[in-house]
$ cat work09.tsv   # TSV, C-alpha atoms
chain	number	residue	atom	x	y	z
P	177	MET	CA	0.00	0.00	0.00
P	178	LEU	CA	1.13	3.55	-0.76
P	179	ASN	CA	3.39	4.85	2.00
P	180	ARG	CA	4.25	8.34	3.17
P	181	ARG	CA	7.90	8.07	2.14
P	182	LEU	CA	6.90	7.77	-1.50
P	183	LEU	CA	4.54	10.73	-1.06
P	184	ARG	CA	7.33	12.79	0.51
P	185	THR	CA	9.57	11.80	-2.39
P	186	LYS	CA	6.94	12.98	-4.86
P	187	ALA	CA	6.75	16.35	-3.09
P	188	VAL	CA	10.55	16.71	-3.29
P	189	GLN	CA	10.50	15.78	-6.99
P	190	ALA	CA	7.77	18.35	-7.73
P	191	LEU	CA	9.63	21.09	-5.84
P	192	TYR	CA	12.92	20.22	-7.54
P	193	ALA	CA	11.28	20.39	-10.98
P	194	ARG	CA	9.62	23.68	-10.02
P	195	GLN	CA	13.00	25.16	-9.09
P	196	LEU	CA	14.50	24.12	-12.41
P	197	THR	CA	11.61	25.73	-14.30
P	198	ALA	CA	11.96	28.86	-12.14
P	199	GLU	CA	15.60	29.17	-13.20
P	200	ALA	CA	14.59	28.72	-16.84
P	201	ASN	CA	11.88	31.37	-16.43
P	202	ARG	CA	14.44	33.76	-14.95
P	203	LEU	CA	16.59	33.37	-18.06
P	204	LEU	CA	13.53	34.14	-20.21
P	205	ALA	CA	12.90	37.24	-18.11
P	206	LEU	CA	16.49	38.36	-18.64
P	207	ASP	CA	16.02	37.87	-22.39
P	208	HIS	CA	12.90	40.05	-22.19
P	209	ILE	CA	14.90	42.79	-20.46
P	210	GLU	CA	17.77	42.56	-22.93
P	211	ALA	CA	15.35	42.89	-25.85
P	212	ALA	CA	13.82	45.98	-24.24
P	213	PHE	CA	17.18	47.74	-24.14
P	214	GLN	CA	18.45	46.86	-27.60
P	215	PRO	CA	19.26	49.81	-29.88
P	216	ASP	CA	16.39	50.62	-32.24
P	217	LEU	CA	18.04	50.19	-35.64
P	218	ASN	CA	15.00	51.65	-37.40
P	219	SER	CA	15.08	54.90	-35.45
P	220	MET	CA	16.61	58.04	-36.90
P	221	GLU	CA	17.48	59.26	-33.39
P	222	PHE	CA	20.87	58.73	-31.80
P	223	GLN	CA	21.13	55.38	-29.95
P	224	ASP	CA	23.24	55.66	-26.81
P	225	LYS	CA	24.49	52.07	-26.61
P	226	PRO	CA	26.52	52.47	-23.38
P	227	LYS	CA	23.46	53.99	-21.68
P	228	LEU	CA	21.21	51.17	-22.92
P	229	ALA	CA	23.73	48.59	-21.70
P	230	GLY	CA	23.81	50.27	-18.29
P	231	MET	CA	20.01	50.29	-18.05
P	232	ASN	CA	19.96	46.64	-19.06
P	233	LYS	CA	22.34	45.84	-16.20
P	234	LEU	CA	20.27	47.84	-13.71
P	235	ALA	CA	17.09	46.08	-14.84
P	236	ASN	CA	18.77	42.69	-14.38
P	237	ILE	CA	19.67	43.62	-10.80
P	238	ALA	CA	16.15	44.92	-10.22
P	239	LEU	CA	14.66	41.69	-11.56
P	240	ASP	CA	16.67	39.59	-9.10
P	241	GLU	CA	15.56	41.87	-6.26
P	242	PHE	CA	11.94	41.48	-7.33
P	243	ILE	CA	12.38	37.70	-7.39
P	244	LYS	CA	13.99	37.66	-3.94
P	245	ASN	CA	11.86	40.25	-2.12
P	246	GLY	CA	8.83	40.88	-4.34
P	247	LYS	CA	9.67	44.59	-4.37
P	248	LEU	CA	12.49	47.09	-4.92
P	249	SER	CA	14.41	48.79	-2.13
P	250	ASP	CA	15.64	51.53	-4.47
P	251	ASP	CA	12.88	53.59	-6.12
P	252	ASP	CA	15.37	56.07	-7.58
P	253	LEU	CA	16.02	53.90	-10.61
P	254	PRO	CA	14.94	55.25	-14.01
P	255	ASP	CA	11.22	54.65	-14.68
P	256	GLN	CA	11.97	52.63	-17.79
P	257	VAL	CA	14.24	50.30	-15.80
P	258	ILE	CA	11.59	49.78	-13.09
P	259	ARG	CA	8.77	49.23	-15.60
P	260	THR	CA	10.81	46.76	-17.65
P	261	ALA	CA	12.05	44.84	-14.59
P	262	ARG	CA	8.55	44.70	-13.08
P	263	SER	CA	7.03	43.49	-16.34
P	264	ALA	CA	9.69	40.77	-16.66
P	265	TYR	CA	9.17	39.77	-13.02
P	266	GLU	CA	5.40	39.54	-13.35
P	267	ALA	CA	5.76	37.27	-16.37
P	268	TYR	CA	8.33	35.22	-14.44
P	269	ALA	CA	6.07	34.91	-11.38
P	270	ARG	CA	3.00	33.91	-13.41
P	271	GLN	CA	4.85	31.25	-15.37
P	272	THR	CA	6.66	29.88	-12.32
P	273	LYS	CA	3.36	29.59	-10.41
P	274	THR	CA	1.76	27.79	-13.35
P	275	ASP	CA	4.76	25.50	-13.76
P	276	GLY	CA	4.81	24.69	-10.05
P	277	GLU	CA	1.15	23.67	-10.06
P	278	LYS	CA	1.78	21.61	-13.19
P	279	MET	CA	4.68	19.76	-11.53
P	280	VAL	CA	2.54	18.83	-8.52
P	281	ARG	CA	-0.21	17.52	-10.81
P	282	ARG	CA	2.37	15.57	-12.79
P	283	VAL	CA	3.84	13.74	-9.78
P	284	LEU	CA	0.36	12.99	-8.48
P	285	ASN	CA	-0.63	11.55	-11.86
P	286	GLU	CA	2.55	9.45	-11.82
P	287	THR	CA	1.56	8.16	-8.38
P	288	GLU	CA	-1.91	7.20	-9.55
P	289	LEU	CA	-0.38	5.34	-12.50
P	290	ILE	CA	1.21	2.93	-10.01
P	291	HIS	CA	-2.21	1.30	-9.83
P	292	THR	CA	-2.31	1.02	-13.62
P	293	ASP	CA	1.10	-0.70	-13.70
P	294	PHE	CA	-0.07	-3.10	-11.00
P	295	ILE	CA	-3.14	-4.00	-13.07
P	296	ARG	CA	-0.89	-4.28	-16.14
P	297	ILE	CA	1.16	-7.00	-14.43
P	298	LEU	CA	-1.95	-8.99	-13.56
P	299	SER	CA	-3.07	-8.60	-17.17
P	300	MET	CA	0.36	-9.77	-18.33
P	301	LEU	CA	-0.10	-13.00	-16.36
P	302	ILE	CA	-3.43	-13.58	-18.10
P	303	GLU	CA	-1.88	-12.93	-21.52
P	304	LEU	CA	0.97	-15.34	-20.77
P	305	SER	CA	-1.63	-17.99	-19.90
P	306	HIS	CA	-3.23	-17.45	-23.33
P	307	GLN	CA	0.18	-18.09	-24.91
P	308	ALA	CA	0.53	-21.24	-22.83
P	309	LYS	CA	-2.88	-22.43	-24.04
P	310	ILE	CA	-1.90	-21.84	-27.69
P	311	ASP	CA	1.37	-23.67	-27.09
P	312	ARG	CA	-0.34	-26.66	-25.49
P	313	GLU	CA	-2.90	-26.91	-28.30
P	314	ARG	CA	-0.24	-26.90	-31.01
P	315	ARG	CA	-0.34	-30.24	-32.85
P	316	TYR	CA	3.26	-30.46	-33.89
P	317	GLU	CA	6.00	-30.17	-31.29
P	318	ASP	CA	9.34	-28.61	-32.13
P	319	PRO	CA	11.72	-31.61	-32.11
P	320	GLU	CA	14.65	-29.37	-31.24
P	321	ALA	CA	12.92	-27.80	-28.23
P	322	PRO	CA	10.31	-30.22	-26.84
P	323	PHE	CA	8.27	-28.89	-23.94
P	324	PRO	CA	6.02	-30.83	-21.52
P	325	LYS	CA	2.28	-30.22	-21.89
P	326	SER	CA	0.75	-32.25	-19.09
P	327	SER	CA	-0.35	-28.93	-17.61
P	328	GLY	CA	0.39	-25.26	-18.17
P	329	LEU	CA	-0.16	-21.75	-16.95
P	330	ASN	CA	-3.67	-21.69	-18.44
P	331	SER	CA	-4.74	-24.60	-16.21
P	332	ASN	CA	-3.48	-22.90	-13.03
P	333	ARG	CA	-6.25	-22.17	-10.48
P	334	VAL	CA	-4.97	-18.67	-9.69
P	335	ILE	CA	-4.90	-17.72	-13.38
P	336	GLN	CA	-8.42	-19.03	-13.82
P	337	VAL	CA	-9.63	-16.81	-10.97
P	338	LEU	CA	-7.91	-13.80	-12.56
P	339	THR	CA	-9.35	-14.58	-15.99
P	340	GLU	CA	-12.92	-14.99	-14.75
P	341	ASP	CA	-13.04	-12.02	-12.35
P	342	LYS	CA	-15.29	-9.27	-13.73
P	343	ALA	CA	-13.88	-6.55	-11.44
P	344	LEU	CA	-10.37	-7.19	-12.76
P	345	GLU	CA	-11.66	-7.24	-16.32
P	346	GLU	CA	-13.29	-3.85	-15.76
P	347	GLU	CA	-10.09	-2.45	-14.20
P	348	ILE	CA	-8.06	-3.59	-17.20
P	349	ILE	CA	-10.48	-1.82	-19.55
P	350	ARG	CA	-10.71	1.30	-17.37
P	351	SER	CA	-6.91	1.50	-17.19
P	352	GLY	CA	-6.71	1.42	-21.01
P	353	ILE	CA	-4.58	-1.73	-21.05
P	354	ASN	CA	-4.65	-3.37	-24.47
P	355	TRP	CA	-2.01	-5.80	-25.65
P	356	SER	CA	-3.08	-5.94	-29.29
P	357	ASN	CA	-0.22	-3.67	-30.38
P	358	GLU	CA	2.29	-5.11	-27.92
P	359	MET	CA	1.81	-8.84	-28.28
P	360	GLY	CA	5.46	-9.08	-29.28
P	361	VAL	CA	6.39	-8.37	-25.65
P	362	ILE	CA	4.06	-11.13	-24.41
P	363	ARG	CA	5.26	-13.69	-26.96
P	364	LYS	CA	8.91	-12.88	-26.30
P	365	THR	CA	8.38	-13.08	-22.54
P	366	TYR	CA	6.68	-16.45	-22.91
P	367	ARG	CA	9.27	-17.81	-25.33
P	368	GLU	CA	12.47	-16.44	-23.78
P	369	ALA	CA	11.57	-16.20	-20.12
P	370	LEU	CA	8.69	-18.43	-19.05
P	371	ARG	CA	9.28	-21.41	-21.36
P	372	LYS	CA	12.96	-21.53	-20.34
P	373	ASP	CA	12.21	-21.34	-16.64
P	374	GLU	CA	13.06	-24.60	-14.87
P	375	VAL	CA	10.37	-24.23	-12.22
P	376	TYR	CA	7.68	-23.70	-14.85
P	377	GLU	CA	8.93	-26.61	-16.94
P	378	ALA	CA	8.81	-28.92	-13.90
P	379	TYR	CA	5.27	-27.69	-13.17
P	380	CYS	CA	4.19	-28.51	-16.75
P	381	ARG	CA	5.42	-32.12	-16.40
P	382	GLN	CA	2.79	-32.87	-13.77
P	383	THR	CA	-0.87	-33.41	-14.60
P	384	GLU	CA	-2.31	-32.58	-11.18
P	385	HIS	CA	-1.39	-29.76	-8.80
P	386	SER	CA	-2.50	-28.75	-5.33
P	387	ALA	CA	-3.79	-25.25	-4.61
P	388	GLU	CA	-0.51	-24.56	-2.79
P	389	GLU	CA	1.52	-25.60	-5.86
P	390	ASP	CA	-0.59	-23.38	-8.13
P	391	GLN	CA	-0.09	-20.42	-5.82
P	392	ALA	CA	3.65	-21.09	-5.51
P	393	LEU	CA	4.04	-21.14	-9.30
P	394	ILE	CA	2.25	-17.83	-9.80
P	395	GLN	CA	4.32	-16.17	-7.08
P	396	HIS	CA	7.46	-17.55	-8.74
P	397	ILE	CA	6.47	-16.25	-12.18
P	398	LEU	CA	5.69	-12.84	-10.73
P	399	ARG	CA	8.92	-12.48	-8.76
P	400	GLN	CA	11.44	-14.35	-10.91
P	401	VAL	CA	10.08	-13.91	-14.44
P	402	ILE	CA	7.99	-10.75	-14.82
P	403	LEU	CA	9.89	-8.64	-12.29
P	404	LYS	CA	13.38	-9.98	-13.00
P	405	HIS	CA	13.76	-11.21	-16.56
P	406	GLU	CA	15.19	-8.56	-18.88
P	407	VAL	CA	12.40	-8.79	-21.49
P	408	PRO	CA	9.37	-7.87	-19.32
P	409	LEU	CA	11.48	-5.71	-17.00
P	410	GLU	CA	12.78	-3.55	-19.85
P	411	TYR	CA	9.22	-3.11	-21.09
P	412	LEU	CA	7.97	-2.04	-17.65
P	413	GLU	CA	10.89	0.34	-17.13
P	414	GLN	CA	10.25	2.02	-20.49
P	415	ARG	CA	6.61	2.62	-19.58
P	416	ASP	CA	7.41	4.10	-16.16
P	417	LEU	CA	10.37	6.47	-15.81
P	418	TYR	CA	10.09	6.05	-12.03
P	419	TRP	CA	9.93	2.26	-12.08
P	420	ALA	CA	12.83	2.06	-9.59
P	421	ASP	CA	10.73	4.09	-7.12
P	422	HIS	CA	7.44	2.35	-7.83
P	423	SER	CA	8.45	-1.28	-8.37
P	424	GLU	CA	8.58	-2.29	-4.71
P	425	LEU	CA	5.05	-1.02	-4.12
P	426	ILE	CA	3.75	-2.63	-7.32
P	427	ARG	CA	5.39	-5.91	-6.32
P	428	GLY	CA	3.70	-5.77	-2.90
P	429	LEU	CA	0.27	-5.05	-4.39
P	430	ALA	CA	0.63	-7.93	-6.87
P	431	ILE	CA	1.83	-10.43	-4.24
P	432	LYS	CA	-1.03	-9.57	-1.90
P	433	THR	CA	-3.61	-9.77	-4.70
P	434	LEU	CA	-2.35	-13.10	-6.03
P	435	LYS	CA	-2.33	-14.61	-2.53
P	436	SER	CA	-6.04	-13.86	-2.32
P	437	ALA	CA	-6.73	-15.58	-5.66
P	438	ASP	CA	-6.89	-19.18	-4.46
P	439	SER	CA	-10.63	-18.98	-5.11
P	440	ALA	CA	-13.14	-16.54	-6.61
P	441	GLN	CA	-14.66	-16.02	-3.14
P	442	THR	CA	-11.42	-14.86	-1.55
P	443	PHE	CA	-10.04	-12.86	-4.49
P	444	GLN	CA	-9.61	-9.13	-3.94
P	445	LEU	CA	-7.60	-6.45	-5.73
P	446	ALA	CA	-5.22	-4.83	-3.27
P	447	PRO	CA	-5.95	-1.08	-2.99
P	448	LEU	CA	-3.23	1.42	-3.80
P	449	THR	CA	-4.12	3.51	-0.75
P	450	LYS	CA	-6.66	3.73	2.05
P	451	ASP	CA	-7.49	7.34	1.22
P	452	TRP	CA	-6.15	8.85	-2.01
P	453	GLU	CA	-7.69	12.25	-1.29
P	454	GLU	CA	-5.80	12.47	1.99
P	455	ASP	CA	-2.55	11.37	0.32
P	456	ARG	CA	-3.02	13.85	-2.53
P	457	GLU	CA	-3.68	16.69	-0.08
P	458	PHE	CA	-0.55	15.75	1.90
P	459	VAL	CA	1.66	16.20	-1.18
P	460	GLU	CA	-0.11	19.40	-2.29
P	461	GLU	CA	0.10	20.91	1.19
P	462	LEU	CA	3.80	20.13	1.59
P	463	CYS	CA	4.56	21.76	-1.77
P	464	ARG	CA	2.37	24.79	-1.04
P	465	ILE	CA	4.02	25.40	2.34
P	466	VAL	CA	7.58	25.10	0.99
P	467	VAL	CA	6.84	27.60	-1.80
P	468	ALA	CA	5.08	30.03	0.54
P	469	GLU	CA	7.66	29.88	3.34
P	470	SER	CA	10.85	29.24	1.37
P	471	ASP	CA	12.37	32.60	2.37
P	472	GLN	CA	11.75	31.94	6.07
P	473	TYR	CA	13.32	28.51	5.76
P	474	ASP	CA	16.34	30.17	4.13
P	475	ILE	CA	16.69	32.24	7.30
P	476	TYR	CA	16.50	29.17	9.55
P	477	LEU	CA	19.05	27.32	7.43
P	478	ASP	CA	21.33	30.33	6.96
P	479	ASP	CA	21.46	30.80	10.72
P	480	GLN	CA	22.21	27.10	11.24
P	481	LEU	CA	24.82	26.87	8.47
P	482	LYS	CA	26.87	29.92	9.34
P	483	ASN	CA	29.99	28.59	7.68
P	484	TRP	CA	28.10	27.71	4.50
P	485	GLU	CA	26.47	29.71	1.76
P	486	LEU	CA	23.09	28.30	0.74
P	487	GLU	CA	24.22	28.47	-2.90
P	488	ARG	CA	26.93	25.90	-2.08
P	489	ILE	CA	24.41	23.31	-0.89
P	490	ALA	CA	23.23	20.83	-3.53
P	491	LEU	CA	19.82	21.92	-4.80
P	492	VAL	CA	18.18	18.59	-3.99
P	493	ASP	CA	19.59	18.74	-0.41
P	494	LEU	CA	18.23	22.25	0.02
P	495	ILE	CA	14.78	21.16	-1.17
P	496	ILE	CA	14.85	18.08	1.09
P	497	LEU	CA	15.71	20.28	4.09
P	498	LYS	CA	12.95	22.76	3.31
P	499	THR	CA	10.37	20.02	2.77
P	500	ALA	CA	11.40	18.43	6.06
P	501	LEU	CA	11.02	21.81	7.81
P	502	ALA	CA	7.55	22.22	6.34
P	503	GLU	CA	6.53	18.84	7.77
P	504	LEU	CA	8.20	19.45	11.13
P	505	ILE	CA	6.48	22.80	11.59
P	506	HIS	CA	3.08	22.31	9.99
P	507	PHE	CA	2.19	18.65	10.64
P	508	PRO	CA	1.93	18.40	14.44
P	509	GLY	CA	0.68	14.81	14.33
P	510	ILE	CA	3.90	13.46	12.78
P	511	PRO	CA	6.71	12.82	15.30
P	512	VAL	CA	9.95	14.73	14.82
P	513	LYS	CA	12.00	11.52	14.68
P	514	VAL	CA	9.77	10.07	11.96
P	515	THR	CA	10.12	13.16	9.77
P	516	ILE	CA	13.91	13.35	10.20
P	517	ASN	CA	14.42	9.63	9.51
P	518	GLU	CA	12.21	9.72	6.42
P	519	PHE	CA	14.03	12.65	4.85
P	520	ILE	CA	17.42	11.15	5.71
P	521	GLU	CA	16.43	8.08	3.68
P	522	ILE	CA	15.22	10.26	0.79
P	523	ALA	CA	18.55	12.14	0.84
P	524	LYS	CA	20.50	8.88	0.81
P	525	ARG	CA	18.56	7.62	-2.21
P	526	TYR	CA	18.31	10.73	-4.34
P	527	SER	CA	21.29	12.94	-3.48
P	528	THR	CA	25.03	12.61	-2.87
P	529	PRO	CA	26.63	9.83	-0.76
P	530	LYS	CA	27.19	12.27	2.13
P	531	SER	CA	23.75	13.88	1.96
P	532	GLY	CA	22.15	11.53	4.50
P	533	LYS	CA	24.59	12.55	7.23
P	534	PHE	CA	24.37	16.21	6.21
P	535	VAL	CA	20.56	16.28	6.35
P	536	ASN	CA	20.61	14.35	9.64
P	537	GLY	CA	23.03	16.78	11.25
P	538	VAL	CA	21.15	19.90	10.14
P	539	LEU	CA	17.67	18.65	11.05
P	540	ASP	CA	18.74	17.20	14.40
P	541	VAL	CA	20.10	20.51	15.64
P	542	LEU	CA	17.52	22.72	13.93
P	543	SER	CA	14.53	20.68	15.20
P	544	VAL	CA	15.68	21.05	18.82
P	545	LYS	CA	16.28	24.78	18.39
P	546	LEU	CA	12.91	25.43	16.71
P	547	ALA	CA	11.11	23.31	19.31
P	548	LYS	CA	12.63	25.44	22.10
P	549	GLU	CA	11.49	28.57	20.27
P	550	GLY	CA	7.97	27.19	19.94
P	551	VAL	CA	8.13	27.07	16.15
P	552	ILE	CA	7.83	23.27	16.16
P	553	ARG	CA	4.97	22.07	18.36
P	554	LYS	CA	3.87	18.46	18.37
P	555	SER	CA	0.66	17.01	19.76
P	556	GLY	CA	-1.15	13.69	19.82
P	557	ARG	CA	-0.59	10.18	21.11
P	558	GLY	CA	3.01	9.00	21.14
P	559	LEU	CA	4.40	12.53	20.76
P	560	ILE	CA	5.28	13.30	24.40
P	561	ASP	CA	9.01	13.13	23.66
P	562	ASN	CA	8.53	15.73	20.91
P	563	LYS	CA	7.06	18.54	23.01

$ encode --input "work09.tsv" --output "structure tokens"
Amino acid sequence: MLNRRLLRTKAVQALYARQLTAEANRLLALDHIEAAFQPDLNSMEFQDKPKLAGMNKLANIALDEFIKNGKLSDDDLPDQVIRTARSAYEAYARQTKTDGEKMVRRVLNETELIHTDFIRILSMLIELSHQAKIDRERRYEDPEAPFPKSSGLNSNRVIQVLTEDKALEEEIIRSGINWSNEMGVIRKTYREALRKDEVYEAYCRQTEHSAEEDQALIQHILRQVILKHEVPLEYLEQRDLYWADHSELIRGLAIKTLKSADSAQTFQLAPLTKDWEEDREFVEELCRIVVAESDQYDIYLDDQLKNWELERIALVDLIILKTALAELIHFPGIPVKVTINEFIEIAKRYSTPKSGKFVNGVLDVLSVKLAKEGVIRKSGRGLIDNK
């Protein structure tokens, strides 16, 4: 089932992408300013190029001040400089806000597609059983590669439950899963992975199987064939750019679902989450808080890292720290230790080798300091040690 670490990771990914787009939008704003102070080659009037270059430089400085503070501290600048810088900033701010919202929607859509990939794997098992049926019904055996046909994947009890379940059939249709244009993947997986698997071959030599043997075979095919063999794995990785992040969850959902498929009465599709709306709101709220309070978090971090400049910190580390601060300060029901440990693990996985220790050191000290100042306040059962 979907866990909070993956949701925290999605928030970090959205904020990281937002920062990259913000930097790109700043470059576009600088281009806008430069264009505004280019000499007018069609004008008959004298073009003071050094003056235009100076105004361009002033407008660039003004733009960065707008971005940092939302206003100018020096109103004595030439009107044209202020107007141009403000116009460029407003365009920058609009686009960055739009891009940020788009990034959050994107990571949430990616998270929802985990369910689709899970259903795709169940569908792949059904399609492989169809290939097994065709293979078993073939009249002429390949003398160079004989294969036992006493039983096969299509006669497996678990597969029969999957094939006959209407809810699964509806989920496959609703998820838009259709193998008609990708049967090559199924045939290649059957031919190069399943048919060459020793466990499956031994299974096919026996006419009768117990329910336990049928379940064991399906679990083996899931774990050792579909999720490990290069043919299906390459296909799944190409469909999901974040397969490395999602695969463990998908594997867990599939294992749990298949274990329930010993009979039609016990079969149940494992849910992706208990409450998707709550999970979605958690990611959206984390992102919203980090964007809104980023400047304040810079102050906290700048004070803590007196011997560092924030620009020297890896961007992903800075975003991880700010996202952790947002959770520490604004989610009183989550223990401090849980938040710190979760973001340490995220830093270890997605940043530099030393990032885990760095994030741990900063958050450990900063959480104690902000708790003493009353900025971090925890409440609820099990949070006594986090007062």

$ closest_residue --input "work09.tsv" --among "P:Gly537, P:Gly360, P:Gly509, P:Pro226" --to "Gln307 of chain P" --atoms "only C-alpha atoms"
P:Gly360

$ closest_atom_pairs --input "work09.tsv" --of "segment 282-358 of chain P" --to "segment 393-412 of chain P" --cutoff "10 Å" --atoms "all atoms listed in the file" --output "JSON lines"
{"residue": "P:Asp293", "atom": "CA", "partner": "P:Leu412", "partner_atom": "CA", "distance": 8.0}
{"residue": "P:Arg296", "atom": "CA", "partner": "P:Leu412", "partner_atom": "CA", "distance": 9.3}
{"residue": "P:Ile297", "atom": "CA", "partner": "P:Ile402", "partner_atom": "CA", "distance": 7.8}
{"residue": "P:Leu298", "atom": "CA", "partner": "P:Leu398", "partner_atom": "CA", "distance": 9.0}
{"residue": "P:Met300", "atom": "CA", "partner": "P:Ile402", "partner_atom": "CA", "distance": 8.5}
{"residue": "P:Leu301", "atom": "CA", "partner": "P:Leu398", "partner_atom": "CA", "distance": 8.1}
{"residue": "P:Leu329", "atom": "CA", "partner": "P:Ile394", "partner_atom": "CA", "distance": 8.5}
{"residue": "P:Asn332", "atom": "CA", "partner": "P:Ile394", "partner_atom": "CA", "distance": 8.3}
{"residue": "P:Arg333", "atom": "CA", "partner": "P:Ile394", "partner_atom": "CA", "distance": 9.6}
{"residue": "P:Val334", "atom": "CA", "partner": "P:Ile394", "partner_atom": "CA", "distance": 7.3}
{"residue": "P:Ile335", "atom": "CA", "partner": "P:Ile394", "partner_atom": "CA", "distance": 8.0}
{"residue": "P:Glu358", "atom": "CA", "partner": "P:Tyr411", "partner_atom": "CA", "distance": 9.9}

$ closest_atom_pairs --input "work09.tsv" --of "segment 228-257 of chain P" --to "segment 262-276 of chain P" --cutoff "7 Å" --atoms "only C-alpha atoms" --output "tab-separated table"
residue	atom	partner	partner_atom	distance
P:Leu239	CA	P:Tyr265	CA	6.0
P:Phe242	CA	P:Tyr265	CA	6.6
P:Ile243	CA	P:Tyr265	CA	6.8

$ residues_around --input "work09.tsv" --residues "Asn236 of chain P" --least-positions-apart "5" --cutoff "9 Å" --atoms "only C-alpha atoms" --output "ChimeraX atom specification"
/P:205-206,209-210,231,241,257,261

$ atom_distance --input "work09.tsv" --atom1 "atom CA of Leu501 of chain P" --atom2 "atom CA of Leu462 of chain P"
9.7 Å

$ residues_around --input "work09.tsv" --residues "Pro322 of chain P" --least-positions-apart "6" --cutoff "12 Å" --atoms "only C-alpha atoms" --output "list in words"
Asp311, Arg312, Arg314, Tyr316, Arg371, Lys372, Glu377, Cys380 and Arg381 of chain P

$ atom_distance --input "work09.tsv" --atom1 "atom CA of Ser555 of chain P" --atom2 "atom CA of Pro508 of chain P"
5.6 Å

$ atom_distance --input "work09.tsv" --atom1 "atom CA of Val283 of chain P" --atom2 "atom CA of Asn357 of chain P"
27.3 Å

$ closest_residue --input "work09.tsv" --among "P:Val280, P:Leu338, P:Leu445, P:Ile302" --to "Tyr192 of chain P" --atoms "all atoms listed in the file"
P:Val280

$ residues_near_point --input "work09.tsv" --point "(5.0, 8.1, -0.5)" --cutoff "10 Å" --atoms "all atoms listed in the file" --output "PyMOL selection string"
chain P and resi 177-187+287+421-422+425+455+458-459

$ residues_around --input "work09.tsv" --residues "Asp540 of chain P" --least-positions-apart "4" --cutoff "9 Å" --atoms "only C-alpha atoms" --output "list in words"
Lys513, Ile516, Val535, Asn536, Val544 and Lys545 of chain P

$ decode --input "work09.tsv" --residues "segment 462-498 of chain P" --atoms "C-alpha atoms" --output "short mmCIF file (atom, residue, chain, number, x, y, z; two decimals), in the first residue's frame"
data_model
loop_
_atom_site.label_atom_id
_atom_site.label_comp_id
_atom_site.auth_asym_id
_atom_site.auth_seq_id
_atom_site.Cartn_x
_atom_site.Cartn_y
_atom_site.Cartn_z
CA LEU P 462 3.80 20.13 1.59
CA CYS P 463 4.56 21.76 -1.77
CA ARG P 464 2.37 24.79 -1.04
CA ILE P 465 4.02 25.40 2.34
CA VAL P 466 7.58 25.10 0.99
CA VAL P 467 6.84 27.60 -1.80
CA ALA P 468 5.08 30.03 0.54
CA GLU P 469 7.66 29.88 3.34
CA SER P 470 10.85 29.24 1.37
CA ASP P 471 12.37 32.60 2.37
CA GLN P 472 11.75 31.94 6.07
CA TYR P 473 13.32 28.51 5.76
CA ASP P 474 16.34 30.17 4.13
CA ILE P 475 16.69 32.24 7.30
CA TYR P 476 16.50 29.17 9.55
CA LEU P 477 19.05 27.32 7.43
CA ASP P 478 21.33 30.33 6.96
CA ASP P 479 21.46 30.80 10.72
CA GLN P 480 22.21 27.10 11.24
CA LEU P 481 24.82 26.87 8.47
CA LYS P 482 26.87 29.92 9.34
CA ASN P 483 29.99 28.59 7.68
CA TRP P 484 28.10 27.71 4.50
CA GLU P 485 26.47 29.71 1.76
CA LEU P 486 23.09 28.30 0.74
CA GLU P 487 24.22 28.47 -2.90
CA ARG P 488 26.93 25.90 -2.08
CA ILE P 489 24.41 23.31 -0.89
CA ALA P 490 23.23 20.83 -3.53
CA LEU P 491 19.82 21.92 -4.80
CA VAL P 492 18.18 18.59 -3.99
CA ASP P 493 19.59 18.74 -0.41
CA LEU P 494 18.23 22.25 0.02
CA ILE P 495 14.78 21.16 -1.17
CA ILE P 496 14.85 18.08 1.09
CA LEU P 497 15.71 20.28 4.09
CA LYS P 498 12.95 22.76 3.31
#
